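J.: Pasting in a structure now, in C-alpha cells, and then I'll have a few things to ask.
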Amino acid sequence: MIKNYIKIALRSLLKSKATSVINVLGLSIGMACCIIIFLFVQNELSFDKFHSKSDKIFRVLTIDRALGVSNSLVGITLPALGESMEDNFPEVVNRVRMLPQGRQLITYEQQGFYTDHFAYAEPSIFEMFDFKLVEGDMENALKNPNTVVVTQSMAQKTFGTDNPIGKRIDIGGQPGLEVVAVMKDVTENSHLNFDVIVSMQQADTTSGFAQFLNSWQSISMVTYVELANPVNEETVEGKMETLIRSNNVGENFSVTLQPLKDVHLKSSGILFENYNLNKTDEGYVYTLAAVGLFVMLIASFNFMNLSTARSANRAMEVGIRKVFGAVKKQLINQFMVESIFLCLFSLVIAIGLVAALGSAVSLPFNDNLAIHFISNPVWILGAIVFTIILGLFSGSYPAFMLSSFSPISILRGSFKTSGKGVVLRKSLVVFQFMVSIVMIIGTTIVYDQLQLLRNADKGFDTEQILTLDVSHPSLQPSIQVLKNKLEQNPSIIATAGTASMPGRTFGRRGVTPEGAGPDDRWIVSVLNFDEHFVDLMGMEIAQGRLFNKEIATDQQQAVIINEAMAKLLAWDEPIGKKLSFGQNESTIIGVVKDFHFASLRYQIEPLAMFYNPNGGGSLAIKLNAADISKTMAFVQSTWTEVFPNSPLEYRFFDEEFGQQYQSDEKFGTLVFSFTWLAIFIACLGLFGLSAFTAQQKTKEIGVRKVLGASIFGIVVLLSNQFTKLIIVAVLLASPLAYYMMEYWLSDFAYRVDINWLWFLASAIVALFIALATVTYQSVKAAMVNPAKSLRCE
C-alpha cells in the first residue's frame with residue numbers, strides 16, 4: 001500500500017513540476033539553514049561540559065565597587081583565597097589557581113618558539129578538569145617545582161619527533177624547566193586553553209612569588225573551586241565574604257561564584273580574563289537560535305501553504321476516487337504519505353546543501369558539517385522525527401478537509417469556490433513576512449551598530465601601527481639598539497615602548513586623590529609608556545604637557561590622567577594636583593583627551609599614565625603606508641640581526657583592536673546571511689501562491705479581458721490582496737523589531753539611536769520584493785489570450 005501511495009505522490013509531483021520544485025527547494029534551504037545554525041548553537045552551548053565535574057566547578061569572581069570603576073565584575077581574585085577556601089570550607093573539596101600569561105617565548109637548544117597559551121597552574125588542574133595526559137604521570141604532573149606540561153602540538157613544534165619527557169626548556173625568562181608530561185590538545189569547546197603549563201609550586205617558600213600566592217592585597221589570580229554539592233553555592237559565597245573581611249580586604253571588594261557552564265556564554269561584561277578569548281554573549285547565541293527557528297518556520301509555513309493551495313487542484317481526483325470506492329482513511333493516508341515523502345526528500349537535499357556549503361561556514365569542526373551532523377545518531381534521529389511531524393502537520397489540512405467532502409460537492413467544484421483554507425493561507429503569509437521584516441530591521445540596526453564600533457572616534461590611530469612583543473627579559477637590554485636601527489629607515493615614522501596597547505587589559509591600582517575623604521576608595525586603570533607613545537598613537541593632550549626624558553622627576557613623580565578621571569574628580573584645573581598610589585605621591589602634569597582603551601561596550605574609565613623610558617613589553621612602530629611589504633621585510637631582517645635566536649612576534653594594531661568585536665562581527669554576518677535566505681524562502685512561497693491564485697482566477701481574468709479590462713488593471717487586482725497582507729505584516733513587525741533591538745543595544749555603553757527610516761525602508765523593501773514576485777505571475781496570467789482561458793466554458 002505504501003508503495004502505491006509513493007507512486008501516486010511521484011505522479012502528482014511530476015504533474016505540478018513548478019510547485020513541487022518551489023516546495024522542495026524552499027523547505028530544503030530552510031532545513032539546511034536550520035542544521036547549520038543548530039550546529040553553531042550546539043557548539044556554543046557545549047563549552048566546558050566535557051568535564052565530568054563541570055556541574056561542581058565554579059569560578060571565583062571579584063566585584064570591585066570602588067570609586068572610578070564602571071565595570072565592577074572581574075575574572076580574577078585574591079591569590080590566597082582559593083587555598084584558604086579549601087582549608088576552611090568543608091563544602092569546597094578542591095581548588096586550582098592559575099596565572100595565564102598568553103603568548104610567551106619558549107627556548108630549546110638556542111631555538112625560540114612562541115607559545116599561544118602559556119600559564120602557571122597548580123597540579124590540581126588535572127584533578128578538577130578532564131585535561132588528558134598522553135605521556136607522563138597524571139598523579140605527579142606539576143607537583144614538583146620547575147616542571148612543565150606541554151600539549152601534543154607544542155611538543156611536536158618544539159621537539160619534533162624526539163621524546164619530550166625529561167627535556168629542559170626556558171620560558172618567559174624562567175630557565176631549566178623540565179618537561180614531565182604531554183597533554184592532549186585542548187578541545188575547541190573549552191574556555192580554558194593551554195599549550196604550556198608551568199608548575200606554580202615553589203621550592204623556596206620565602207620567594208617573592210611564594211609570598212604573592214599567600215597575598216590578600218592583590219586582585220590578580222584566576223581561581224576555580226570544586227564544591228561537594230552545587231547547591232552549596234550560596235552558602236560558600238556567604239562564607240567567602242566573612243573570610244575576606246577577616247583578612248582585611250578592602251570594603252569595596254566582594255567575591256562571588258560563577259558556574260563553569262556560564263563562563264563562556266555569560267561573561268561578556270566581565271573584565272580581566274584574557275584567557276577566556278572565545279567567550280561570546282548568550283544573547284547572540286539565543287538570537288541566532290531564534291533566527292534558525294524563524295527560517296525553519298518560514299520554510300515550513302511555505303510548505304504548508306503550497307500544500308494546502310495545491311490540494312484544491314486535487315479535489316476532482318479525490319471525488320473520483322471516492323466514487324470508485326476509496327474510503328476516508330485511505331485518502332488521509334495518501335495525503336499524509338505524500339507530505340512525509342516530500343519532507344524527507346527535502347531533508348536529504350538539505351543535508352547535501354550543508355555538505356556543499358559547510359566549508360564556507362566558520363565552525364570549529366574537523367570534518368564536514370554534514371558528516372558531523374549525521375554521525376550523531378541522536379541529531380539525525382531528531383531531524384527525521386521533526387521532518388515526519390512536519391509532514392504530518394502539513395498534510396493534515398488537505399487530508400482531513402478533502403476527505404471529509406462528499407463526492408457530489410467535490411465534483412461540482414464547491415471546494416474550489418469555498419473560503420476554506422483561505423484564512424489559513426493568509427495567516428501564514430502574514431507570519432512569514434512579519435518575521436522577514438523583523439529580520440530586515442534587525443539586520444540594518446546591527447549593521448549600524450557594527451559601523452559605529454568600527455568607525456567611532458576611538459581617540460587614537462589604528463592604521464599602519466605594528467606592535468612587536470619584546471616582553472622576554474633576554475630582549476630588554478637590546479631594545480634601544482633595535483629602535484635605533486629601525487628608525488634609520490625612512491618608511492618607519494616613529495617607534496615607542498609601552499606596557500600594553502588599547503584593547504588589551506590594563507592594570508588597576510588603588511589611588512587617593514588630593515582632597516579625598518578618609519573613607520573614599522578609588523581604583524583607576526594604569527598604563528606605563530615612554531615619551532614617544534602618545535604622539536605615535538595620535539592621542540591629543542587636553543591640558544598640561546607630556547612626559548619629557550630631560551626632566552628627571554617625570555619617571556618617579558609625574559602622572560598623566562585622562563579627561564574621564566578629571567571629570568569624575570570634578571577638577572577644572574587638574575594640573576599640579578596630587579595622586580597618592582600607596583606610599584608614592586605623583587603630580588599631575590597633563591591631561592590626555594579620552595580614548596577607548598577598552599571595548600565600546602564599556603564607559604571610558606579613569607586612567608593614570610606613568611612614564612617608563614624603557615617602554616615595557618611591547619614596541620609600537622608607526623609605518624609609512626607606501627610599501628608595507630618592503631618595510632615588513634626590513635623589520636624582519638633588522639630583528640633577526642639584533643635577536644638572531646628569537647623569532648619575530650608582531651601584530652597589526654588595527655586587526656588586534658578589532659578582534660574584541662569579533663563576536664559582534666560574526667553575529668552580524670550570520671544574521672545578515674540568514675535574513676536574506678529567509679526573505680528568499682518567503683518569496684519562493686509567495687511566487688508559488690501567486691501562481692496558484694492566478695491559475696484559480698484564469699477564467700475570471702478571461703471574462704474581465706473580454707469586458708475590456710486592461711493588463712494593468714488585472715495586475716493590480718491580483719496584487720491587491722497580497723499588498724494588504726504585507727502591510728499587515730509591517731504593522732505587526734515594527735513594534736516587535738523595535739523592542740528586540742532596544743534590548744540588544746542596551747548592552748553597549750556607546751550605541752546608535754534606532755532610526756525609524758530603517759523601519760520604513762524595510763517595509764518598502766519587503767513590499768517591493770513581494771510585489772515583484774507577485775507581479776510576474778500576474779502579468780503572465782493577464783497576457784493569456786481570453787479565448788484560451790474561456791474555451792472550456
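Naming scheme: A, B, ... for chains in displayed order of the C-alpha cells; residues 1 onward per chain; ligands 1 onward as shown.
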Which residues are close to Lys630 (chain A), i.e. within 12 Å by only C-alpha atoms, leaving aside same-chain residues fewer than 4 positions away? Reply as a PDB file with C-alpha atoms, in the first residue's frame.
T.:
```pdb
ATOM      1  CA  ASN A 489      64.546  53.545   7.664  1.00  0.00           C
ATOM      2  CA  PRO A 490      62.512  56.490   6.250  1.00  0.00           C
ATOM      3  CA  SER A 491      59.463  54.200   5.932  1.00  0.00           C
ATOM      4  CA  ILE A 492      59.339  53.948   9.725  1.00  0.00           C
ATOM      5  CA  LEU A 623      54.776  52.709   9.382  1.00  0.00           C
ATOM      6  CA  ASN A 624      54.548  54.655   6.163  1.00  0.00           C
ATOM      7  CA  ALA A 625      51.700  53.186   4.100  1.00  0.00           C
ATOM      8  CA  ALA A 626      53.640  53.452   0.822  1.00  0.00           C
ATOM      9  CA  PHE A 634      63.213  45.385   6.689  1.00  0.00           C
ATOM     10  CA  VAL A 635      61.675  44.950  10.163  1.00  0.00           C
ATOM     11  CA  GLN A 636      62.162  41.183   9.909  1.00  0.00           C
ATOM     12  CA  SER A 637      65.794  41.442   8.817  1.00  0.00           C
TER      13      SER A 637
END
```
J.: Do a neighbour search on region 649-651 of chain A at 7 Å with only C-alpha atoms, toss out local chain neighbours closer than 3 positions, and write the hits as JSON, numbers by chain.
T.: {"A": [466, 467, 468, 469, 656]}
J.: Would you work out the distance separating CA of Gln557 (chain A) from CA of Gly582 (chain A), expressed in Å to one decimal?
T.: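 About the pair CA of Gln557 (chain A) and CA of Gly582 (chain A): they are 13.1 Å apart.
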J.: Give the answer as one residue: which of A:Ile165, A:Gly615, A:Val438, A:Asn214 has the shortest atom-to-atom distance to Tyr739 (chain A), using only C-alpha atoms?
T.: A:Val438
J.: One decimal, in Å: what's the spacing between CA of Val642 (chain A) and CA of Gln488 (chain A)?
T.: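 Rounded to one decimal, the two atoms are 14.4 Å apart.
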J.: Just checking: using only C-alpha atoms, which residue out of A:Gly75, A:Gly26, A:Gly517, A:Pro735 ends up closest to Val263 (chain A)?
T.: A:Gly75
J.: For Glu563 (chain A), please output as JSON, numbers by chain all residues within 10 Å (counting only C-alpha atoms; exclusion window: fewer than 3 positions along the same chain).
T.: {"A": [541, 542, 543, 560, 566, 567, 568, 569, 571, 574, 590, 591, 592, 593, 594, 595, 604, 605, 606, 607]}
J.: Would you mind exporting C-alpha atoms of the selected residues as a compact mmCIF listing (two decimals), in the first residue's frame?
T.:
```txt
# COMPACT_ATOMS: atom_id res chain seq x y z
CA ILE A 541 46.84 66.40 25.06
CA ALA A 542 43.99 68.46 26.50
CA GLN A 543 45.89 70.24 29.28
CA ILE A 560 49.19 61.99 33.27
CA ALA A 566 39.48 64.74 35.76
CA LYS A 567 35.73 64.88 35.22
CA LEU A 568 34.98 62.25 37.85
CA LEU A 569 37.15 64.11 40.38
CA TRP A 571 38.75 69.07 38.81
CA PRO A 574 43.87 69.21 37.49
CA GLY A 590 48.98 66.61 31.85
CA VAL A 591 45.51 65.51 30.82
CA VAL A 592 45.05 63.37 27.69
CA LYS A 593 41.77 63.51 25.79
CA ASP A 594 39.66 60.44 26.43
CA PHE A 595 40.40 57.39 24.31
CA ILE A 604 35.69 55.09 29.47
CA GLU A 605 37.09 54.68 32.97
CA PRO A 606 39.61 56.90 34.79
CA LEU A 607 43.15 56.22 33.64
```
J.: Which of these, A:Ile63, A:Ile37, A:Val92, A:Leu265, has the shortest distance to Asn252 (chain A) once you count only C-alpha atoms?
T.: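 Ranking A:Ile63, A:Ile37, A:Val92, A:Leu265 by distance to Asn252 (chain A), first place goes to A:Ile63.
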J.: What's around Val179 (chain A) at 12 Å? Count only C-alpha atoms, leave out sequence neighbours fewer than 5 positions away in its own chain, and write the answer as a PyMOL selection string.
T.: chain A and resi 108+135-137+141-142+144-151+154-155+158-159+163-171+196-199
J.: Please list as a count of residues only every residue within 9 Å of Phe341 (chain A), counting only C-alpha atoms and excluding residues in the same chain fewer than 3 positions away.
T.: 10
